[in-house]
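Shown below: input_24.txt, with compact mmCIF, N, CA and C atoms.
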# COMPACT_ATOMS: atom_id res chain seq x y z
N MET A 1 16.64 22.53 -15.29
CA MET A 1 16.87 21.26 -14.64
C MET A 1 18.07 20.57 -15.30
N THR A 2 19.00 20.10 -14.51
CA THR A 2 20.20 19.46 -15.01
C THR A 2 19.91 18.02 -15.41
N LYS A 3 20.45 17.62 -16.56
CA LYS A 3 20.29 16.24 -17.01
C LYS A 3 21.37 15.37 -16.37
N LEU A 4 21.00 14.16 -16.04
CA LEU A 4 21.94 13.20 -15.48
C LEU A 4 22.79 12.59 -16.61
N VAL A 5 24.00 12.23 -16.29
CA VAL A 5 24.85 11.52 -17.24
C VAL A 5 24.23 10.15 -17.50
N LEU A 6 24.09 9.80 -18.76
CA LEU A 6 23.48 8.52 -19.17
C LEU A 6 22.11 8.32 -18.52
N GLU A 7 21.31 9.35 -18.54
CA GLU A 7 20.02 9.36 -17.85
C GLU A 7 19.08 8.24 -18.32
N LYS A 8 18.92 8.07 -19.63
CA LYS A 8 18.00 7.06 -20.15
C LYS A 8 18.44 5.65 -19.76
N GLU A 9 19.74 5.42 -19.86
CA GLU A 9 20.27 4.10 -19.54
C GLU A 9 20.10 3.77 -18.06
N THR A 10 20.44 4.72 -17.20
CA THR A 10 20.34 4.46 -15.76
C THR A 10 18.88 4.35 -15.33
N TYR A 11 18.01 5.08 -15.98
CA TYR A 11 16.58 4.99 -15.68
C TYR A 11 16.07 3.57 -15.97
N LYS A 12 16.50 3.00 -17.09
CA LYS A 12 16.09 1.63 -17.43
C LYS A 12 16.65 0.62 -16.43
N ILE A 13 17.89 0.79 -16.03
CA ILE A 13 18.52 -0.13 -15.07
C ILE A 13 17.80 -0.06 -13.73
N LEU A 14 17.58 1.15 -13.23
CA LEU A 14 16.89 1.29 -11.95
C LEU A 14 15.46 0.76 -12.03
N GLY A 15 14.82 0.93 -13.16
CA GLY A 15 13.48 0.37 -13.34
C GLY A 15 13.49 -1.15 -13.20
N ALA A 16 14.52 -1.79 -13.75
CA ALA A 16 14.65 -3.25 -13.62
C ALA A 16 14.88 -3.64 -12.16
N CYS A 17 15.71 -2.89 -11.46
CA CYS A 17 15.97 -3.16 -10.04
C CYS A 17 14.68 -3.02 -9.23
N ILE A 18 13.94 -1.97 -9.50
CA ILE A 18 12.68 -1.73 -8.79
C ILE A 18 11.69 -2.86 -9.03
N LYS A 19 11.60 -3.34 -10.27
CA LYS A 19 10.70 -4.45 -10.57
C LYS A 19 11.07 -5.70 -9.78
N VAL A 20 12.36 -5.99 -9.72
CA VAL A 20 12.82 -7.16 -8.95
C VAL A 20 12.44 -7.01 -7.49
N HIS A 21 12.69 -5.84 -6.92
CA HIS A 21 12.39 -5.64 -5.50
C HIS A 21 10.89 -5.69 -5.24
N LYS A 22 10.09 -5.15 -6.15
CA LYS A 22 8.63 -5.20 -5.97
C LYS A 22 8.12 -6.63 -6.01
N LYS A 23 8.69 -7.46 -6.87
CA LYS A 23 8.24 -8.85 -7.00
C LYS A 23 8.73 -9.74 -5.87
N LEU A 24 9.98 -9.50 -5.41
CA LEU A 24 10.57 -10.38 -4.40
C LEU A 24 10.55 -9.80 -2.99
N GLY A 25 10.53 -8.48 -2.88
CA GLY A 25 10.66 -7.87 -1.56
C GLY A 25 12.07 -8.06 -1.04
N ASN A 26 12.25 -7.91 0.27
CA ASN A 26 13.57 -8.13 0.84
C ASN A 26 13.59 -9.49 1.55
N GLY A 27 14.78 -9.93 1.92
CA GLY A 27 14.89 -11.17 2.69
C GLY A 27 15.55 -12.33 1.99
N PHE A 28 15.77 -12.23 0.68
CA PHE A 28 16.42 -13.32 -0.05
C PHE A 28 17.94 -13.14 -0.05
N SER A 29 18.64 -14.17 -0.47
CA SER A 29 20.10 -14.09 -0.58
C SER A 29 20.47 -13.27 -1.81
N ILE A 30 21.70 -12.82 -1.82
CA ILE A 30 22.18 -12.00 -2.93
C ILE A 30 22.10 -12.76 -4.25
N SER A 31 22.32 -14.07 -4.22
CA SER A 31 22.29 -14.85 -5.46
C SER A 31 20.90 -14.85 -6.09
N VAL A 32 19.85 -14.81 -5.29
CA VAL A 32 18.49 -14.75 -5.81
C VAL A 32 18.27 -13.43 -6.54
N TYR A 33 18.69 -12.33 -5.94
CA TYR A 33 18.52 -11.02 -6.57
C TYR A 33 19.37 -10.89 -7.82
N ARG A 34 20.56 -11.45 -7.80
CA ARG A 34 21.43 -11.39 -8.99
C ARG A 34 20.79 -12.13 -10.16
N GLU A 35 20.26 -13.31 -9.88
CA GLU A 35 19.62 -14.08 -10.95
C GLU A 35 18.36 -13.39 -11.47
N ALA A 36 17.55 -12.87 -10.55
CA ALA A 36 16.32 -12.17 -10.95
C ALA A 36 16.65 -10.90 -11.73
N LEU A 37 17.67 -10.17 -11.30
CA LEU A 37 18.03 -8.94 -12.01
C LEU A 37 18.56 -9.25 -13.40
N ALA A 38 19.31 -10.31 -13.55
CA ALA A 38 19.79 -10.71 -14.88
C ALA A 38 18.60 -10.98 -15.82
N LYS A 39 17.58 -11.65 -15.30
CA LYS A 39 16.38 -11.91 -16.10
C LYS A 39 15.67 -10.61 -16.46
N GLU A 40 15.56 -9.72 -15.49
CA GLU A 40 14.85 -8.45 -15.72
C GLU A 40 15.62 -7.55 -16.69
N LEU A 41 16.94 -7.53 -16.59
CA LEU A 41 17.74 -6.75 -17.54
C LEU A 41 17.57 -7.28 -18.96
N SER A 42 17.54 -8.60 -19.09
CA SER A 42 17.32 -9.21 -20.40
C SER A 42 15.95 -8.85 -20.96
N LEU A 43 14.92 -8.94 -20.11
CA LEU A 43 13.56 -8.59 -20.55
C LEU A 43 13.46 -7.13 -21.00
N ALA A 44 14.24 -6.27 -20.38
CA ALA A 44 14.22 -4.84 -20.71
C ALA A 44 15.18 -4.51 -21.87
N ASN A 45 15.80 -5.54 -22.46
CA ASN A 45 16.75 -5.35 -23.56
C ASN A 45 17.91 -4.43 -23.18
N ILE A 46 18.38 -4.58 -21.97
CA ILE A 46 19.53 -3.82 -21.48
C ILE A 46 20.77 -4.68 -21.68
N PRO A 47 21.73 -4.22 -22.48
CA PRO A 47 22.95 -5.01 -22.64
C PRO A 47 23.75 -5.03 -21.34
N PHE A 48 24.15 -6.23 -20.92
CA PHE A 48 24.89 -6.34 -19.66
C PHE A 48 25.82 -7.54 -19.68
N GLU A 49 26.81 -7.47 -18.81
CA GLU A 49 27.67 -8.61 -18.53
C GLU A 49 27.63 -8.82 -17.03
N GLN A 50 27.46 -10.07 -16.64
CA GLN A 50 27.42 -10.40 -15.22
C GLN A 50 28.77 -10.94 -14.80
N ASP A 51 29.18 -10.63 -13.56
CA ASP A 51 30.48 -11.04 -13.04
C ASP A 51 31.60 -10.60 -13.97
N LYS A 52 31.53 -9.37 -14.38
CA LYS A 52 32.49 -8.81 -15.33
C LYS A 52 33.81 -8.50 -14.64
N LYS A 53 34.88 -9.08 -15.15
CA LYS A 53 36.22 -8.81 -14.63
C LYS A 53 36.71 -7.50 -15.23
N LEU A 54 37.15 -6.61 -14.35
CA LEU A 54 37.61 -5.29 -14.77
C LEU A 54 39.02 -5.05 -14.27
N PRO A 55 39.88 -4.50 -15.12
CA PRO A 55 41.22 -4.18 -14.64
C PRO A 55 41.16 -3.05 -13.62
N VAL A 56 42.07 -3.10 -12.68
CA VAL A 56 42.22 -2.04 -11.69
C VAL A 56 43.48 -1.27 -12.05
N TYR A 57 43.37 0.05 -12.11
CA TYR A 57 44.48 0.89 -12.52
C TYR A 57 45.10 1.60 -11.32
N TYR A 58 46.41 1.71 -11.37
CA TYR A 58 47.15 2.48 -10.38
C TYR A 58 48.10 3.40 -11.14
N GLU A 59 47.92 4.69 -10.97
CA GLU A 59 48.72 5.70 -11.67
C GLU A 59 48.76 5.43 -13.18
N GLY A 60 47.60 5.10 -13.73
CA GLY A 60 47.47 4.91 -15.17
C GLY A 60 47.89 3.56 -15.70
N THR A 61 48.37 2.70 -14.84
CA THR A 61 48.84 1.39 -15.26
C THR A 61 47.95 0.30 -14.67
N PRO A 62 47.53 -0.66 -15.50
CA PRO A 62 46.71 -1.75 -14.95
C PRO A 62 47.53 -2.65 -14.02
N LEU A 63 46.92 -3.01 -12.91
CA LEU A 63 47.54 -3.94 -11.97
C LEU A 63 47.22 -5.37 -12.38
N ASN A 64 47.89 -6.33 -11.76
CA ASN A 64 47.59 -7.74 -12.02
C ASN A 64 46.25 -8.14 -11.41
N GLN A 65 45.83 -7.42 -10.38
CA GLN A 65 44.56 -7.71 -9.71
C GLN A 65 43.40 -7.20 -10.53
N GLU A 66 42.27 -7.87 -10.41
CA GLU A 66 41.06 -7.46 -11.10
C GLU A 66 39.94 -7.27 -10.09
N TYR A 67 38.98 -6.46 -10.45
CA TYR A 67 37.76 -6.29 -9.68
C TYR A 67 36.66 -6.97 -10.48
N VAL A 68 35.80 -7.72 -9.80
CA VAL A 68 34.69 -8.38 -10.47
C VAL A 68 33.41 -7.66 -10.09
N ALA A 69 32.81 -6.99 -11.07
CA ALA A 69 31.57 -6.26 -10.86
C ALA A 69 30.39 -7.21 -10.98
N ASP A 70 29.37 -7.01 -10.15
CA ASP A 70 28.17 -7.84 -10.27
C ASP A 70 27.60 -7.75 -11.67
N PHE A 71 27.43 -6.52 -12.16
CA PHE A 71 26.93 -6.27 -13.51
C PHE A 71 27.63 -5.05 -14.09
N VAL A 72 27.87 -5.08 -15.38
CA VAL A 72 28.25 -3.88 -16.13
C VAL A 72 27.24 -3.79 -17.27
N CYS A 73 26.52 -2.68 -17.30
CA CYS A 73 25.47 -2.46 -18.31
C CYS A 73 25.93 -1.38 -19.28
N PHE A 74 25.55 -1.54 -20.52
CA PHE A 74 25.89 -0.56 -21.56
C PHE A 74 27.40 -0.31 -21.63
N ASP A 75 28.20 -1.27 -21.22
CA ASP A 75 29.67 -1.19 -21.24
C ASP A 75 30.26 -0.08 -20.39
N THR A 76 29.45 0.63 -19.61
CA THR A 76 29.99 1.78 -18.89
C THR A 76 29.38 2.02 -17.52
N ILE A 77 28.35 1.24 -17.15
CA ILE A 77 27.66 1.45 -15.87
C ILE A 77 27.82 0.21 -14.99
N MET A 78 28.47 0.39 -13.85
CA MET A 78 28.70 -0.71 -12.91
C MET A 78 27.53 -0.79 -11.93
N ILE A 79 27.06 -2.01 -11.69
CA ILE A 79 26.02 -2.24 -10.70
C ILE A 79 26.58 -3.20 -9.65
N GLU A 80 26.60 -2.75 -8.42
CA GLU A 80 27.04 -3.57 -7.28
C GLU A 80 25.83 -3.83 -6.41
N ILE A 81 25.53 -5.10 -6.13
CA ILE A 81 24.33 -5.47 -5.39
C ILE A 81 24.67 -5.86 -3.97
N LYS A 82 23.82 -5.41 -3.04
CA LYS A 82 23.92 -5.78 -1.63
C LYS A 82 22.56 -6.20 -1.12
N THR A 83 22.56 -6.94 0.00
CA THR A 83 21.31 -7.36 0.66
C THR A 83 21.46 -7.12 2.16
N LEU A 84 21.62 -5.87 2.53
CA LEU A 84 21.87 -5.51 3.92
C LEU A 84 20.71 -4.71 4.50
N SER A 85 20.68 -4.62 5.83
CA SER A 85 19.61 -3.84 6.46
C SER A 85 19.77 -2.35 6.17
N CYS A 86 20.99 -1.90 5.89
CA CYS A 86 21.23 -0.53 5.43
C CYS A 86 22.63 -0.45 4.84
N LEU A 87 22.84 0.52 3.98
CA LEU A 87 24.17 0.75 3.39
C LEU A 87 24.97 1.65 4.32
N ASN A 88 26.15 1.19 4.69
CA ASN A 88 26.98 2.02 5.56
C ASN A 88 28.00 2.82 4.75
N GLU A 89 28.65 3.73 5.40
CA GLU A 89 29.59 4.62 4.73
C GLU A 89 30.76 3.86 4.12
N HIS A 90 31.21 2.80 4.78
CA HIS A 90 32.33 2.00 4.26
C HIS A 90 31.97 1.42 2.90
N LEU A 91 30.78 0.85 2.75
CA LEU A 91 30.36 0.27 1.48
C LEU A 91 30.23 1.34 0.39
N LYS A 92 29.74 2.50 0.77
CA LYS A 92 29.61 3.60 -0.20
C LYS A 92 30.98 4.04 -0.70
N GLN A 93 31.94 4.18 0.20
CA GLN A 93 33.29 4.56 -0.19
C GLN A 93 33.96 3.48 -1.03
N GLN A 94 33.71 2.23 -0.66
CA GLN A 94 34.28 1.11 -1.42
C GLN A 94 33.76 1.11 -2.86
N ALA A 95 32.46 1.32 -3.04
CA ALA A 95 31.88 1.36 -4.38
C ALA A 95 32.48 2.49 -5.21
N LEU A 96 32.68 3.63 -4.58
CA LEU A 96 33.28 4.76 -5.28
C LEU A 96 34.72 4.45 -5.69
N LYS A 97 35.47 3.81 -4.81
CA LYS A 97 36.85 3.44 -5.14
C LYS A 97 36.91 2.42 -6.26
N PHE A 98 36.00 1.43 -6.25
CA PHE A 98 35.95 0.46 -7.34
C PHE A 98 35.68 1.17 -8.66
N LEU A 99 34.74 2.08 -8.65
CA LEU A 99 34.39 2.81 -9.87
C LEU A 99 35.59 3.59 -10.40
N LYS A 100 36.24 4.33 -9.52
CA LYS A 100 37.39 5.13 -9.95
C LYS A 100 38.54 4.26 -10.45
N SER A 101 38.78 3.15 -9.79
CA SER A 101 39.93 2.31 -10.17
C SER A 101 39.68 1.52 -11.45
N THR A 102 38.43 1.36 -11.84
CA THR A 102 38.14 0.58 -13.05
C THR A 102 37.88 1.45 -14.28
N ARG A 103 37.75 2.75 -14.07
CA ARG A 103 37.57 3.72 -15.15
C ARG A 103 36.21 3.66 -15.84
N LEU A 104 35.22 3.08 -15.20
CA LEU A 104 33.87 3.14 -15.75
C LEU A 104 33.28 4.51 -15.46
N ASP A 105 32.22 4.86 -16.17
CA ASP A 105 31.65 6.21 -16.03
C ASP A 105 30.73 6.37 -14.82
N ILE A 106 29.86 5.39 -14.59
CA ILE A 106 28.85 5.49 -13.55
C ILE A 106 28.79 4.19 -12.77
N GLY A 107 28.51 4.30 -11.49
CA GLY A 107 28.33 3.12 -10.66
C GLY A 107 27.10 3.27 -9.78
N TYR A 108 26.43 2.17 -9.56
CA TYR A 108 25.29 2.14 -8.65
C TYR A 108 25.54 1.07 -7.60
N LEU A 109 25.34 1.44 -6.37
CA LEU A 109 25.32 0.51 -5.26
C LEU A 109 23.85 0.32 -4.93
N VAL A 110 23.33 -0.88 -5.17
CA VAL A 110 21.89 -1.15 -5.04
C VAL A 110 21.69 -2.14 -3.90
N ASN A 111 20.81 -1.78 -2.96
CA ASN A 111 20.56 -2.62 -1.80
C ASN A 111 19.13 -3.17 -1.82
N PHE A 112 19.03 -4.49 -1.96
CA PHE A 112 17.75 -5.17 -1.95
C PHE A 112 17.34 -5.60 -0.54
N GLY A 113 18.17 -5.35 0.46
CA GLY A 113 17.93 -5.85 1.80
C GLY A 113 16.99 -5.02 2.65
N GLU A 114 16.66 -3.82 2.21
CA GLU A 114 15.78 -2.97 2.99
C GLU A 114 14.33 -3.13 2.54
N ARG A 115 13.44 -2.61 3.35
CA ARG A 115 12.02 -2.72 3.04
C ARG A 115 11.69 -2.08 1.68
N SER A 116 12.31 -0.94 1.41
CA SER A 116 12.22 -0.29 0.11
C SER A 116 13.60 -0.38 -0.54
N LEU A 117 13.62 -0.52 -1.84
CA LEU A 117 14.89 -0.57 -2.56
C LEU A 117 15.64 0.75 -2.35
N THR A 118 16.92 0.65 -2.07
CA THR A 118 17.75 1.84 -1.93
C THR A 118 18.94 1.73 -2.87
N TRP A 119 19.43 2.88 -3.31
CA TRP A 119 20.59 2.89 -4.17
C TRP A 119 21.35 4.19 -3.99
N LYS A 120 22.62 4.11 -4.38
CA LYS A 120 23.49 5.29 -4.36
C LYS A 120 24.18 5.36 -5.73
N ARG A 121 24.15 6.53 -6.34
CA ARG A 121 24.73 6.74 -7.67
C ARG A 121 26.09 7.41 -7.53
N TYR A 122 27.05 6.94 -8.32
CA TYR A 122 28.39 7.50 -8.33
C TYR A 122 28.78 7.85 -9.77
N ILE A 123 29.45 8.96 -9.94
CA ILE A 123 29.95 9.36 -11.25
C ILE A 123 31.46 9.46 -11.15
N ASN A 124 32.14 8.86 -12.10
CA ASN A 124 33.60 8.89 -12.13
C ASN A 124 34.03 10.18 -12.81
N THR A 125 34.54 11.10 -12.03
CA THR A 125 34.96 12.39 -12.57
C THR A 125 36.45 12.48 -12.68

Exercise: express the given structure as structure tokens:
Amino acid sequence: MTKLVLEKETYKILGACIKVHKKLGNGFSISVYREALAKELSLANIPFEQDKKLPVYYEGTPLNQEYVADFVCFDTIMIEIKTLSCLNEHLKQQALKFLKSTRLDIGYLVNFGERSLTWKRYINT
């Protein structure tokens, strides 16, 4: 069985997301989930920065523009939160592009808007 990159760290993060969704369900605004997730990450002793400004690189050079990630955990895992009825392909591609342009190792697109929590994992290769 293949091990995931940063498996323990991502397991803890997803556990926090699942707890938030179990307690709140779907239907709230994104700001509610962001605040609840920040509390849950703190309770789980997961180091994170909220609204983290990240440089965007083009051909190895940082641009003047920045990307603001909802959360960056463990200094290397980006968490992007959505509250939609489903994640579409455009959002998935956008999350992957953000991850690649910011040089972080792993990204998660997490959707609290569905009946069950959904997420998509990205690895920056």

_My list of candidates is A:Glu35, A:Glu7, A:Glu40, A:Glu114. Which is closest to A:Thr83 when distances are computed with only C-alpha atoms?_
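Smallest separation from A:Thr83 among the options: A:Glu114.
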
_Taking (20.4, 0.2, -20.7) in the coordinates of the supplied file, I want to know which residues reach to within 12 Å of it, counting only C-alpha atoms; could you give the answer as a ChimeraX atom specification?_
/A:6-16,40-49,71-79

_Nearest residue to A:Glu89 from the set A:Lys120, A:Leu37, A:Tyr58, A:Lys19 (distances using only C-alpha atoms)_ =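 Between A:Lys120, A:Leu37, A:Tyr58, A:Lys19, the residue approaching A:Glu89 most closely is A:Lys120.
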
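The space separating atom CA of A:Ser101 from atom C of A:Gln65 comes to 10.1 Å.
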
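Distances here use all atoms listed in the file; by that measure, the residue among A:Thr125, A:Ser85, A:Thr102, A:Ser31 closest to A:Val56 is A:Thr102.
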
*Compile the contact shell of A:Phe112 as a list in words: residues with an atom at most 6.5 Å away, counting all atoms listed in the file, same-chain residues fewer than 6 positions apart removed.*
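Listed by chain and then number, they are His21, Gly25, Asn26, Gly27, Ile81, Lys82, Thr83, Leu84 and Thr118 of chain A.
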
_Would you compute the distance between atom C of A:Lys23 and atom C of A:Ala69? Give it in Å to one decimal._
22.4 Å

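Across the model, the gap from atom N of A:Arg121 to atom C of A:Tyr108 is 5.8 Å.
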
*In chain A, DSSP strand (DSSP E) residues written as a VMD selection string*: chain A and resid 48 to 58 61 to 73 77 to 82 106 to 111 118 to 123
